[in-house]
Amino acid sequence: MVVRIIEKGEDNITIADLISDIKKSSKIDESGAIFTFEGIVRGLEKDKKIEKLTLSTPDIEKSQNEILKIVESVKIKYGVFEISVIHYIGEFYTGDSLFLVCLLANHRKESYDALLDVIERVKFDVDFKKEEFSNNKTKIIMSGG
């Protein structure tokens, strides 16, 4: 299991890396599903073109611990075996990866439900600040905290 917040450019972990790592789990023989999610920067939204996006958090260690608590809670709630999460911070452009989730479970139903739960809780419950720079204006989106 990996749970990290990474400054863009410090390390480059991909979905393939997370899958490879999760397949080394001692629970692989009991598993029937690996589900993944890769959140990327959208280049167009409604009537605006996104030029860049910045993501930050005031306290990386605190935010990473919050994600870890979400992961542990979701593992218990849905009975999944492993969950790995990577959340990048920094400056991003269209198509750049921002948020990766990979999980290992027995069946697809609990995998899907657990994946959605992790995505929504990290998005809304962890203290990230997103600044969206577009051809129209700059928009600041706060979450969590």
# chains A, B, ... in the order shown; residues from 1 in each chain; ligands from 1
>>> select_by_dssp(residues="range 53-130 of chain A", states="strand (DSSP E)", output="number ranges by chain")
A: 53-56, 82-92, 97-105, 129-130
>>> write_last_selection(atoms="N, CA and C atoms", output="tab-separated table (two decimals), in the first residue's frame")
chain	number	residue	atom	x	y	z
A	53	LEU	N	-3.48	24.56	-14.15
A	53	LEU	CA	-4.12	24.34	-12.87
A	53	LEU	C	-3.02	24.17	-11.83
A	54	THR	N	-3.18	24.77	-10.67
A	54	THR	CA	-2.23	24.54	-9.59
A	54	THR	C	-2.97	23.91	-8.43
A	55	LEU	N	-2.33	22.94	-7.81
A	55	LEU	CA	-2.87	22.27	-6.63
A	55	LEU	C	-1.87	22.42	-5.50
A	56	SER	N	-2.38	22.74	-4.32
A	56	SER	CA	-1.51	22.87	-3.14
A	56	SER	C	-2.27	22.42	-1.91
A	82	GLU	N	-6.33	-3.97	-0.35
A	82	GLU	CA	-5.29	-2.94	-0.45
A	82	GLU	C	-5.82	-1.74	-1.20
A	83	ILE	N	-5.38	-0.55	-0.79
A	83	ILE	CA	-5.70	0.68	-1.52
A	83	ILE	C	-4.43	1.54	-1.52
A	84	SER	N	-4.06	1.98	-2.70
A	84	SER	CA	-2.93	2.91	-2.84
A	84	SER	C	-3.44	4.21	-3.45
A	85	VAL	N	-2.91	5.32	-2.94
A	85	VAL	CA	-3.32	6.65	-3.42
A	85	VAL	C	-2.09	7.52	-3.62
A	86	ILE	N	-2.02	8.16	-4.77
A	86	ILE	CA	-1.02	9.18	-5.05
A	86	ILE	C	-1.76	10.45	-5.40
A	87	HIS	N	-1.42	11.54	-4.76
A	87	HIS	CA	-2.01	12.84	-5.10
A	87	HIS	C	-0.86	13.79	-5.37
A	88	TYR	N	-0.85	14.32	-6.57
A	88	TYR	CA	0.21	15.27	-6.94
A	88	TYR	C	-0.20	16.69	-6.58
A	89	ILE	N	0.80	17.52	-6.26
A	89	ILE	CA	0.59	18.95	-6.07
A	89	ILE	C	1.60	19.67	-6.96
A	90	GLY	N	1.28	20.92	-7.29
A	90	GLY	CA	2.16	21.71	-8.15
A	90	GLY	C	1.37	22.33	-9.29
A	91	GLU	N	2.06	22.55	-10.41
A	91	GLU	CA	1.46	23.18	-11.57
A	91	GLU	C	1.25	22.14	-12.67
A	92	PHE	N	0.05	22.14	-13.26
A	92	PHE	CA	-0.33	21.09	-14.20
A	92	PHE	C	-1.00	21.68	-15.44
A	97	SER	N	-1.54	13.98	-15.00
A	97	SER	CA	-2.14	13.21	-13.90
A	97	SER	C	-2.08	13.99	-12.60
A	98	LEU	N	-3.19	13.98	-11.87
A	98	LEU	CA	-3.28	14.68	-10.59
A	98	LEU	C	-3.48	13.73	-9.41
A	99	PHE	N	-4.25	12.68	-9.63
A	99	PHE	CA	-4.77	11.87	-8.54
A	99	PHE	C	-4.91	10.43	-9.02
A	100	LEU	N	-4.22	9.50	-8.36
A	100	LEU	CA	-4.24	8.09	-8.74
A	100	LEU	C	-4.74	7.25	-7.58
A	101	VAL	N	-5.60	6.30	-7.87
A	101	VAL	CA	-6.08	5.36	-6.87
A	101	VAL	C	-6.04	3.97	-7.49
A	102	CYS	N	-5.56	3.01	-6.72
A	102	CYS	CA	-5.53	1.61	-7.16
A	102	CYS	C	-5.95	0.76	-5.98
A	103	LEU	N	-6.88	-0.17	-6.20
A	103	LEU	CA	-7.28	-1.02	-5.09
A	103	LEU	C	-7.44	-2.48	-5.52
A	104	LEU	N	-7.24	-3.33	-4.54
A	104	LEU	CA	-7.28	-4.78	-4.71
A	104	LEU	C	-8.39	-5.32	-3.82
A	105	ALA	N	-9.26	-6.15	-4.41
A	105	ALA	CA	-10.37	-6.69	-3.63
A	105	ALA	C	-10.78	-8.05	-4.17
A	129	LYS	N	-6.14	23.10	-2.21
A	129	LYS	CA	-6.55	24.33	-2.88
A	129	LYS	C	-6.23	24.16	-4.36
A	130	LYS	N	-7.24	24.34	-5.19
A	130	LYS	CA	-7.07	24.22	-6.63
A	130	LYS	C	-7.30	25.59	-7.25
>>> residues_around(residues="Pro58 in chain A", least_positions_apart="3", cutoff="10 Å", atoms="only C-alpha atoms", output="list in words")
Glu61, Lys62, Ser63, Asp127, Phe128, Lys129 and Gly145 of chain A
>>> closest_residue(among="A:Asp59, A:Phe124, A:Asp47, A:Asn106", to="Lys137 in chain A", atoms="only C-alpha atoms")
A:Asp47
>>> residues_around(residues="Arg42 in chain A", least_positions_apart="2", cutoff="9 Å", atoms="only C-alpha atoms", output="CSV table (one decimal) with N, CA and C atoms, in the first residue's frame")
chain,number,residue,atom,x,y,z
A,40,ILE,N,-7.2,13.4,-14.2
A,40,ILE,CA,-6.3,14.3,-15.1
A,40,ILE,C,-6.8,15.7,-15.2
A,44,LEU,N,-10.8,21.7,-21.4
A,44,LEU,CA,-12.0,22.5,-21.7
A,44,LEU,C,-13.1,22.2,-20.6
A,45,GLU,N,-13.7,23.3,-20.2
A,45,GLU,CA,-14.8,23.2,-19.3
A,45,GLU,C,-15.8,24.2,-19.6
A,49,LYS,N,-11.4,27.6,-21.8
A,49,LYS,CA,-10.2,26.8,-22.0
A,49,LYS,C,-9.3,26.9,-20.8
A,50,ILE,N,-9.0,25.8,-20.2
A,50,ILE,CA,-8.1,25.8,-19.0
A,50,ILE,C,-6.7,25.9,-19.5
A,93,TYR,N,-0.9,20.9,-16.5
A,93,TYR,CA,-1.5,21.3,-17.8
A,93,TYR,C,-2.4,20.1,-18.3
A,94,THR,N,-3.2,20.4,-19.4
A,94,THR,CA,-4.1,19.4,-19.9
A,94,THR,C,-3.5,18.1,-20.1
A,95,GLY,N,-4.2,17.1,-19.5
A,95,GLY,CA,-3.8,15.7,-19.6
A,95,GLY,C,-2.8,15.2,-18.5
A,96,ASP,N,-2.3,16.1,-17.7
A,96,ASP,CA,-1.4,15.8,-16.6
A,96,ASP,C,-2.2,15.0,-15.6
>>> closest_residue(among="A:Lys23, A:Lys109, A:Lys8, A:Lys48", to="Val80 in chain A", atoms="only C-alpha atoms")
A:Lys109
>>> closest_residue(among="A:Met1, A:Lys77, A:Asn136, A:Lys52", to="Ser25 in chain A", atoms="only C-alpha atoms")
A:Met1
>>> select_by_dssp(residues="range 63-111 of chain A", states="alpha helix (DSSP H)", output="ChimeraX atom specification")
/A:63-78,108-111
>>> write_last_selection(atoms="N, CA and C atoms", output="PDB file, in the first residue's frame")
ATOM      1  N   SER A  63      -2.320  16.391   5.404  1.00  0.00           N
ATOM      2  CA  SER A  63      -3.188  15.934   4.314  1.00  0.00           C
ATOM      3  C   SER A  63      -2.915  14.473   3.971  1.00  0.00           C
ATOM      4  N   GLN A  64      -1.655  14.084   3.984  1.00  0.00           N
ATOM      5  CA  GLN A  64      -1.307  12.685   3.711  1.00  0.00           C
ATOM      6  C   GLN A  64      -1.880  11.766   4.783  1.00  0.00           C
ATOM      7  N   ASN A  65      -1.821  12.197   6.035  1.00  0.00           N
ATOM      8  CA  ASN A  65      -2.409  11.415   7.131  1.00  0.00           C
ATOM      9  C   ASN A  65      -3.926  11.314   6.999  1.00  0.00           C
ATOM     10  N   GLU A  66      -4.563  12.392   6.533  1.00  0.00           N
ATOM     11  CA  GLU A  66      -6.013  12.358   6.315  1.00  0.00           C
ATOM     12  C   GLU A  66      -6.366  11.349   5.225  1.00  0.00           C
ATOM     13  N   ILE A  67      -5.570  11.317   4.161  1.00  0.00           N
ATOM     14  CA  ILE A  67      -5.810  10.339   3.093  1.00  0.00           C
ATOM     15  C   ILE A  67      -5.613   8.924   3.633  1.00  0.00           C
ATOM     16  N   LEU A  68      -4.588   8.724   4.436  1.00  0.00           N
ATOM     17  CA  LEU A  68      -4.338   7.409   5.032  1.00  0.00           C
ATOM     18  C   LEU A  68      -5.526   6.961   5.888  1.00  0.00           C
ATOM     19  N   LYS A  69      -6.099   7.864   6.661  1.00  0.00           N
ATOM     20  CA  LYS A  69      -7.277   7.538   7.478  1.00  0.00           C
ATOM     21  C   LYS A  69      -8.473   7.166   6.595  1.00  0.00           C
ATOM     22  N   ILE A  70      -8.640   7.889   5.496  1.00  0.00           N
ATOM     23  CA  ILE A  70      -9.718   7.557   4.550  1.00  0.00           C
ATOM     24  C   ILE A  70      -9.497   6.156   3.994  1.00  0.00           C
ATOM     25  N   VAL A  71      -8.281   5.863   3.582  1.00  0.00           N
ATOM     26  CA  VAL A  71      -7.940   4.550   3.031  1.00  0.00           C
ATOM     27  C   VAL A  71      -8.240   3.440   4.036  1.00  0.00           C
ATOM     28  N   GLU A  72      -7.800   3.608   5.261  1.00  0.00           N
ATOM     29  CA  GLU A  72      -8.039   2.577   6.287  1.00  0.00           C
ATOM     30  C   GLU A  72      -9.529   2.403   6.550  1.00  0.00           C
ATOM     31  N   SER A  73     -10.260   3.496   6.608  1.00  0.00           N
ATOM     32  CA  SER A  73     -11.700   3.448   6.838  1.00  0.00           C
ATOM     33  C   SER A  73     -12.418   2.721   5.697  1.00  0.00           C
ATOM     34  N   VAL A  74     -12.046   3.034   4.469  1.00  0.00           N
ATOM     35  CA  VAL A  74     -12.676   2.413   3.301  1.00  0.00           C
ATOM     36  C   VAL A  74     -12.340   0.926   3.231  1.00  0.00           C
ATOM     37  N   LYS A  75     -11.115   0.550   3.564  1.00  0.00           N
ATOM     38  CA  LYS A  75     -10.738  -0.868   3.569  1.00  0.00           C
ATOM     39  C   LYS A  75     -11.638  -1.655   4.514  1.00  0.00           C
ATOM     40  N   ILE A  76     -11.876  -1.109   5.684  1.00  0.00           N
ATOM     41  CA  ILE A  76     -12.727  -1.779   6.674  1.00  0.00           C
ATOM     42  C   ILE A  76     -14.186  -1.799   6.205  1.00  0.00           C
ATOM     43  N   LYS A  77     -14.684  -0.660   5.752  1.00  0.00           N
ATOM     44  CA  LYS A  77     -16.093  -0.531   5.354  1.00  0.00           C
ATOM     45  C   LYS A  77     -16.476  -1.500   4.236  1.00  0.00           C
ATOM     46  N   TYR A  78     -15.591  -1.650   3.233  1.00  0.00           N
ATOM     47  CA  TYR A  78     -15.924  -2.469   2.067  1.00  0.00           C
ATOM     48  C   TYR A  78     -15.220  -3.818   2.030  1.00  0.00           C
ATOM     49  N   ARG A 108     -15.861  -7.303  -7.766  1.00  0.00           N
ATOM     50  CA  ARG A 108     -15.971  -5.999  -8.411  1.00  0.00           C
ATOM     51  C   ARG A 108     -16.921  -5.037  -7.690  1.00  0.00           C
ATOM     52  N   LYS A 109     -17.979  -5.532  -7.080  1.00  0.00           N
ATOM     53  CA  LYS A 109     -18.954  -4.634  -6.439  1.00  0.00           C
ATOM     54  C   LYS A 109     -18.309  -3.825  -5.325  1.00  0.00           C
ATOM     55  N   GLU A 110     -17.646  -4.495  -4.382  1.00  0.00           N
ATOM     56  CA  GLU A 110     -17.005  -3.745  -3.299  1.00  0.00           C
ATOM     57  C   GLU A 110     -15.838  -2.915  -3.826  1.00  0.00           C
ATOM     58  N   SER A 111     -15.196  -3.384  -4.893  1.00  0.00           N
ATOM     59  CA  SER A 111     -14.099  -2.615  -5.505  1.00  0.00           C
ATOM     60  C   SER A 111     -14.610  -1.286  -6.027  1.00  0.00           C
TER      61      SER A 111
END
>>> atom_distance(atom1="CA of Thr14 in chain A", atom2="CA of Asp117 in chain A")
20.8 Å
